[in-house]
Amino acid sequence: MLEEGKKAPAFTLESSDGGKVKLGDYAGKIVVLYFYPRDNTPGCTVEAEGFRDAVPALTKLGAIVLGVSKDSIASHCKFRDKFKLNFPLLTDADGKVMEAYGAWGDKVMYGKKMKGIIRSTVVIDKDGKVAKHWPKVSVKGHVDAVVDEVKALKSKK
């Protein structure tokens with residue numbers, strides 16, 4: 001279970017921007033790490049567009065955004081280009097990072113219980129600790145809550 005105030009699990013994942021991204025690459029920055037089920041689906045598109053539109057404000061606050069799903073890099077690149085996303089999308093094909101962050105598990109879809117990606121977001125502070133964890137995200141209004149959390153975090157330090 002992911003705990004606020006504890007060290008965020010380290011990861012290295014392939015990026016839609018090419019190469020690999022390590023959490024350690026962002027030491028000293030605030031990281032908004034969001035997990036989503038699938039590229040090019042309605043809810044995931046709305047969420048991605050929300051983060052895209054919030055990137056300028058988050059950048060001013062010293063934060064970066066990373067989106068994570070199991071989709072391939074090719075799928076991520078199409079999704080990024082189609083919706084002009086301005087942040088990297090990372091591929092977690094084996095789901096190990098999702099498990100470490102509590103973004104993989106039981107969920108109910110169309111009345112059926114199944115295992116899958118749980119839409120969730122984690123804000124990691126400059127010291128690499130979990131500052132805020134939203135274990136189950138509803139897309140509407142979520143990005144605003146993330147921006148507010150980053151503002152609050154920024155004003156603490």
# chains A, B, ... in the order shown; residues from 1 in each chain; ligands from 1
call {"tool": "residues_around", "arguments": {"residues": "Glu99 in chain A", "least_positions_apart": "2", "cutoff": "12 Å", "atoms": "only C-alpha atoms", "output": "PDB file with C-alpha atoms, in the first residue's frame"}}
result
ATOM      1  CA  MET A   1       0.000   0.000   0.000  1.00  0.00           C
ATOM      2  CA  LEU A   2       1.250   3.442  -0.931  1.00  0.00           C
ATOM      3  CA  PRO A   9       8.758   3.397  -5.280  1.00  0.00           C
ATOM      4  CA  PHE A  11      10.922   2.975 -11.425  1.00  0.00           C
ATOM      5  CA  PHE A  35      -2.129   6.001 -14.002  1.00  0.00           C
ATOM      6  CA  SER A  69      -0.565   2.799 -18.750  1.00  0.00           C
ATOM      7  CA  LYS A  70       0.145  -0.649 -20.173  1.00  0.00           C
ATOM      8  CA  ASP A  92       4.365  -0.307 -17.812  1.00  0.00           C
ATOM      9  CA  ALA A  93       3.802  -3.470 -19.861  1.00  0.00           C
ATOM     10  CA  ASP A  94       4.286  -5.920 -16.993  1.00  0.00           C
ATOM     11  CA  GLY A  95       2.332  -3.803 -14.497  1.00  0.00           C
ATOM     12  CA  LYS A  96       5.036  -3.929 -11.800  1.00  0.00           C
ATOM     13  CA  VAL A  97       5.112  -0.155 -11.306  1.00  0.00           C
ATOM     14  CA  TYR A 101       1.748   2.328  -6.678  1.00  0.00           C
ATOM     15  CA  GLY A 102      -1.561   0.571  -5.961  1.00  0.00           C
ATOM     16  CA  ALA A 103      -2.828   1.251  -9.497  1.00  0.00           C
ATOM     17  CA  TRP A 104      -3.465  -2.409 -10.352  1.00  0.00           C
ATOM     18  CA  GLY A 105      -6.113  -4.534  -8.706  1.00  0.00           C
ATOM     19  CA  ASP A 106      -9.748  -5.517  -8.460  1.00  0.00           C
ATOM     20  CA  LYS A 115      -8.348  -7.147 -12.395  1.00  0.00           C
ATOM     21  CA  GLY A 116      -7.242  -4.010 -14.159  1.00  0.00           C
ATOM     22  CA  ILE A 117      -5.683  -0.579 -14.033  1.00  0.00           C
ATOM     23  CA  ILE A 118      -7.171   1.619 -11.348  1.00  0.00           C
ATOM     24  CA  SER A 120      -5.176   6.979  -9.754  1.00  0.00           C
ATOM     25  CA  PRO A 135      -6.289   5.865  -5.052  1.00  0.00           C
TER      26      PRO A 135
END
call {"tool": "residues_around", "arguments": {"residues": "Arg52 in chain A", "least_positions_apart": "2", "cutoff": "6 Å", "atoms": "only C-alpha atoms", "output": "short mmCIF file (atom, residue, chain, number, x, y, z; two decimals) with C-alpha atoms, in the first residue's frame"}}
result
data_model
loop_
_atom_site.label_atom_id
_atom_site.label_comp_id
_atom_site.auth_asym_id
_atom_site.auth_seq_id
_atom_site.Cartn_x
_atom_site.Cartn_y
_atom_site.Cartn_z
CA GLU A 49 -6.36 16.81 -22.05
CA GLY A 50 -6.89 18.18 -18.53
CA ALA A 54 -2.53 22.24 -16.70
CA VAL A 55 1.12 21.67 -17.72
CA LEU A 85 -0.08 16.07 -25.23
CA ASN A 86 2.88 17.98 -23.82
#
call {"tool": "select_by_dssp", "arguments": {"residues": "range 58-143 of chain A", "states": "strand (DSSP E or B)", "output": "PyMOL selection string"}}
result
chain A and resi 63-69+89-91+104-109+112-117+120-124+129-134
call {"tool": "residues_around", "arguments": {"residues": "Ala74 in chain A", "least_positions_apart": "3", "cutoff": "12 Å", "atoms": "only C-alpha atoms", "output": "list of chain:residue names"}}
result
A:Glu14, A:Ser15, A:Ser16, A:Asp17, A:Gly18, A:Asp39, A:Lys70, A:Asp71, A:Cys77, A:Lys78, A:Phe79, A:Arg80, A:Asp81, A:Leu89, A:Leu90, A:Thr91
call {"tool": "residues_around", "arguments": {"residues": "Glu149 in chain A", "least_positions_apart": "4", "cutoff": "10 Å", "atoms": "only C-alpha atoms", "output": "list in words"}}
result
Val123, Ala131, Lys132, Val143, Asp144, Ala145, Leu153, Lys154 and Ser155 of chain A
call {"tool": "residues_around", "arguments": {"residues": "Ala8 in chain A", "least_positions_apart": "6", "cutoff": "9 Å", "atoms": "only C-alpha atoms", "output": "list in words"}}
result
Leu2, Leu23, Ala100, Tyr101, Ile124, Gly128, Lys129 and Val130 of chain A
call {"tool": "select_by_dssp", "arguments": {"residues": "chain A", "states": "alpha helix (DSSP H)", "output": "PyMOL selection string"}}
result
chain A and resi 42-60+73-82+96-100+142-156
call {"tool": "write_last_selection", "arguments": {"atoms": "N, CA and C atoms", "output": "tab-separated table (two decimals), in the first residue's frame"}}
result
chain	number	residue	atom	x	y	z
A	42	PRO	N	-12.59	7.46	-23.95
A	42	PRO	CA	-13.17	8.77	-23.58
A	42	PRO	C	-12.66	9.35	-22.26
A	43	GLY	N	-12.74	8.60	-21.16
A	43	GLY	CA	-12.31	9.13	-19.86
A	43	GLY	C	-10.83	9.45	-19.83
A	44	CYS	N	-10.04	8.56	-20.44
A	44	CYS	CA	-8.58	8.77	-20.44
A	44	CYS	C	-8.19	9.97	-21.29
A	45	THR	N	-8.94	10.21	-22.35
A	45	THR	CA	-8.68	11.36	-23.20
A	45	THR	C	-9.00	12.66	-22.46
A	46	VAL	N	-10.14	12.69	-21.78
A	46	VAL	CA	-10.52	13.88	-21.00
A	46	VAL	C	-9.47	14.16	-19.93
A	47	GLU	N	-9.02	13.10	-19.25
A	47	GLU	CA	-8.01	13.28	-18.20
A	47	GLU	C	-6.69	13.78	-18.79
A	48	ALA	N	-6.25	13.18	-19.89
A	48	ALA	CA	-4.99	13.57	-20.54
A	48	ALA	C	-5.07	15.03	-21.01
A	49	GLU	N	-6.20	15.42	-21.59
A	49	GLU	CA	-6.36	16.81	-22.05
A	49	GLU	C	-6.34	17.77	-20.86
A	50	GLY	N	-6.91	17.35	-19.74
A	50	GLY	CA	-6.89	18.18	-18.53
A	50	GLY	C	-5.46	18.40	-18.05
A	51	PHE	N	-4.67	17.32	-18.02
A	51	PHE	CA	-3.27	17.47	-17.61
A	51	PHE	C	-2.50	18.30	-18.64
A	52	ARG	N	-2.78	18.07	-19.92
A	52	ARG	CA	-2.11	18.87	-20.97
A	52	ARG	C	-2.35	20.36	-20.73
A	53	ASP	N	-3.59	20.71	-20.46
A	53	ASP	CA	-3.93	22.12	-20.26
A	53	ASP	C	-3.35	22.68	-18.96
A	54	ALA	N	-3.07	21.80	-17.99
A	54	ALA	CA	-2.53	22.24	-16.70
A	54	ALA	C	-1.01	22.29	-16.69
A	55	VAL	N	-0.36	21.73	-17.71
A	55	VAL	CA	1.12	21.67	-17.72
A	55	VAL	C	1.75	23.06	-17.55
A	56	PRO	N	1.29	24.12	-18.23
A	56	PRO	CA	1.94	25.42	-18.02
A	56	PRO	C	1.91	25.86	-16.55
A	57	ALA	N	0.77	25.71	-15.88
A	57	ALA	CA	0.66	26.09	-14.47
A	57	ALA	C	1.54	25.19	-13.61
A	58	LEU	N	1.53	23.89	-13.89
A	58	LEU	CA	2.34	22.95	-13.10
A	58	LEU	C	3.84	23.21	-13.30
A	59	THR	N	4.22	23.53	-14.54
A	59	THR	CA	5.62	23.82	-14.83
A	59	THR	C	6.10	25.04	-14.02
A	60	LYS	N	5.25	26.08	-13.95
A	60	LYS	CA	5.58	27.28	-13.16
A	60	LYS	C	5.79	26.93	-11.69
A	73	ILE	N	4.43	1.85	-26.67
A	73	ILE	CA	4.99	3.16	-27.01
A	73	ILE	C	4.35	3.67	-28.31
A	74	ALA	N	4.14	2.78	-29.29
A	74	ALA	CA	3.50	3.19	-30.55
A	74	ALA	C	2.11	3.77	-30.28
A	75	SER	N	1.34	3.11	-29.42
A	75	SER	CA	0.01	3.60	-29.06
A	75	SER	C	0.11	4.94	-28.34
A	76	HIS	N	1.05	5.05	-27.40
A	76	HIS	CA	1.26	6.31	-26.68
A	76	HIS	C	1.59	7.46	-27.64
A	77	CYS	N	2.45	7.19	-28.61
A	77	CYS	CA	2.85	8.25	-29.55
A	77	CYS	C	1.66	8.72	-30.38
A	78	LYS	N	0.82	7.80	-30.82
A	78	LYS	CA	-0.39	8.18	-31.58
A	78	LYS	C	-1.32	9.02	-30.70
A	79	PHE	N	-1.52	8.58	-29.47
A	79	PHE	CA	-2.39	9.27	-28.51
A	79	PHE	C	-1.84	10.68	-28.24
A	80	ARG	N	-0.53	10.75	-27.97
A	80	ARG	CA	0.14	12.03	-27.70
A	80	ARG	C	-0.03	12.99	-28.87
A	81	ASP	N	0.23	12.49	-30.08
A	81	ASP	CA	0.17	13.34	-31.27
A	81	ASP	C	-1.26	13.77	-31.59
A	82	LYS	N	-2.20	12.85	-31.46
A	82	LYS	CA	-3.60	13.15	-31.77
A	82	LYS	C	-4.16	14.25	-30.87
A	96	LYS	N	4.32	-3.93	-13.09
A	96	LYS	CA	5.04	-3.93	-11.80
A	96	LYS	C	5.00	-2.56	-11.11
A	97	VAL	N	5.15	-1.51	-11.89
A	97	VAL	CA	5.11	-0.16	-11.31
A	97	VAL	C	3.69	0.15	-10.82
A	98	MET	N	2.70	-0.24	-11.62
A	98	MET	CA	1.30	-0.03	-11.21
A	98	MET	C	1.02	-0.74	-9.89
A	99	GLU	N	1.51	-1.98	-9.77
A	99	GLU	CA	1.31	-2.72	-8.52
A	99	GLU	C	1.97	-1.98	-7.36
A	100	ALA	N	3.20	-1.50	-7.56
A	100	ALA	CA	3.93	-0.81	-6.50
A	100	ALA	C	3.19	0.46	-6.05
A	142	HIS	N	-10.64	16.48	-11.34
A	142	HIS	CA	-9.45	15.89	-10.71
A	142	HIS	C	-8.18	16.71	-10.96
A	143	VAL	N	-7.98	17.15	-12.19
A	143	VAL	CA	-6.74	17.89	-12.51
A	143	VAL	C	-6.66	19.16	-11.66
A	144	ASP	N	-7.79	19.82	-11.45
A	144	ASP	CA	-7.80	21.03	-10.61
A	144	ASP	C	-7.35	20.70	-9.18
A	145	ALA	N	-7.80	19.55	-8.66
A	145	ALA	CA	-7.40	19.13	-7.32
A	145	ALA	C	-5.89	18.86	-7.27
A	146	VAL	N	-5.36	18.29	-8.35
A	146	VAL	CA	-3.91	18.02	-8.42
A	146	VAL	C	-3.14	19.34	-8.42
A	147	VAL	N	-3.57	20.30	-9.24
A	147	VAL	CA	-2.90	21.61	-9.30
A	147	VAL	C	-2.94	22.27	-7.93
A	148	ASP	N	-4.09	22.22	-7.25
A	148	ASP	CA	-4.21	22.81	-5.92
A	148	ASP	C	-3.25	22.14	-4.94
A	149	GLU	N	-3.12	20.82	-5.03
A	149	GLU	CA	-2.20	20.08	-4.14
A	149	GLU	C	-0.76	20.51	-4.39
A	150	VAL	N	-0.38	20.65	-5.67
A	150	VAL	CA	0.99	21.07	-6.01
A	150	VAL	C	1.24	22.48	-5.51
A	151	LYS	N	0.25	23.38	-5.63
A	151	LYS	CA	0.37	24.75	-5.10
A	151	LYS	C	0.59	24.71	-3.59
A	152	ALA	N	-0.18	23.89	-2.90
A	152	ALA	CA	-0.07	23.78	-1.44
A	152	ALA	C	1.31	23.23	-1.07
A	153	LEU	N	1.77	22.26	-1.81
A	153	LEU	CA	3.08	21.66	-1.55
A	153	LEU	C	4.19	22.68	-1.77
A	154	LYS	N	4.05	23.44	-2.83
A	154	LYS	CA	5.04	24.46	-3.18
A	154	LYS	C	5.11	25.53	-2.09
A	155	SER	N	3.96	25.91	-1.53
A	155	SER	CA	3.93	26.96	-0.53
A	155	SER	C	4.47	26.49	0.82
A	156	LYS	N	4.52	25.19	1.04
A	156	LYS	CA	5.07	24.63	2.30
A	156	LYS	C	6.58	24.77	2.37
call {"tool": "residues_around", "arguments": {"residues": "Gly24 in chain A", "least_positions_apart": "2", "cutoff": "10 Å", "atoms": "only C-alpha atoms", "output": "list in words"}}
result
Ala10, Phe11, Thr12, Val21, Lys22, Tyr26, Ala27, Gly28, Lys29 and Gly128 of chain A
call {"tool": "closest_residue", "arguments": {"among": "A:Trp134, A:Lys126, A:Pro37, A:Lys6", "to": "Ala63 in chain A", "atoms": "only C-alpha atoms"}}
result
A:Lys126
call {"tool": "atom_distance", "arguments": {"atom1": "CA of Lys112 in chain A", "atom2": "CA of Asn40 in chain A"}}
result
22.4 Å
call {"tool": "residues_around", "arguments": {"residues": "Leu66 in chain A", "least_positions_apart": "2", "cutoff": "8 Å", "atoms": "only C-alpha atoms", "output": "list in words"}}
result
Val31, Val32, Leu33, Tyr34, Ile64, Val68, Phe87, Pro88, Leu89 and Leu90 of chain A
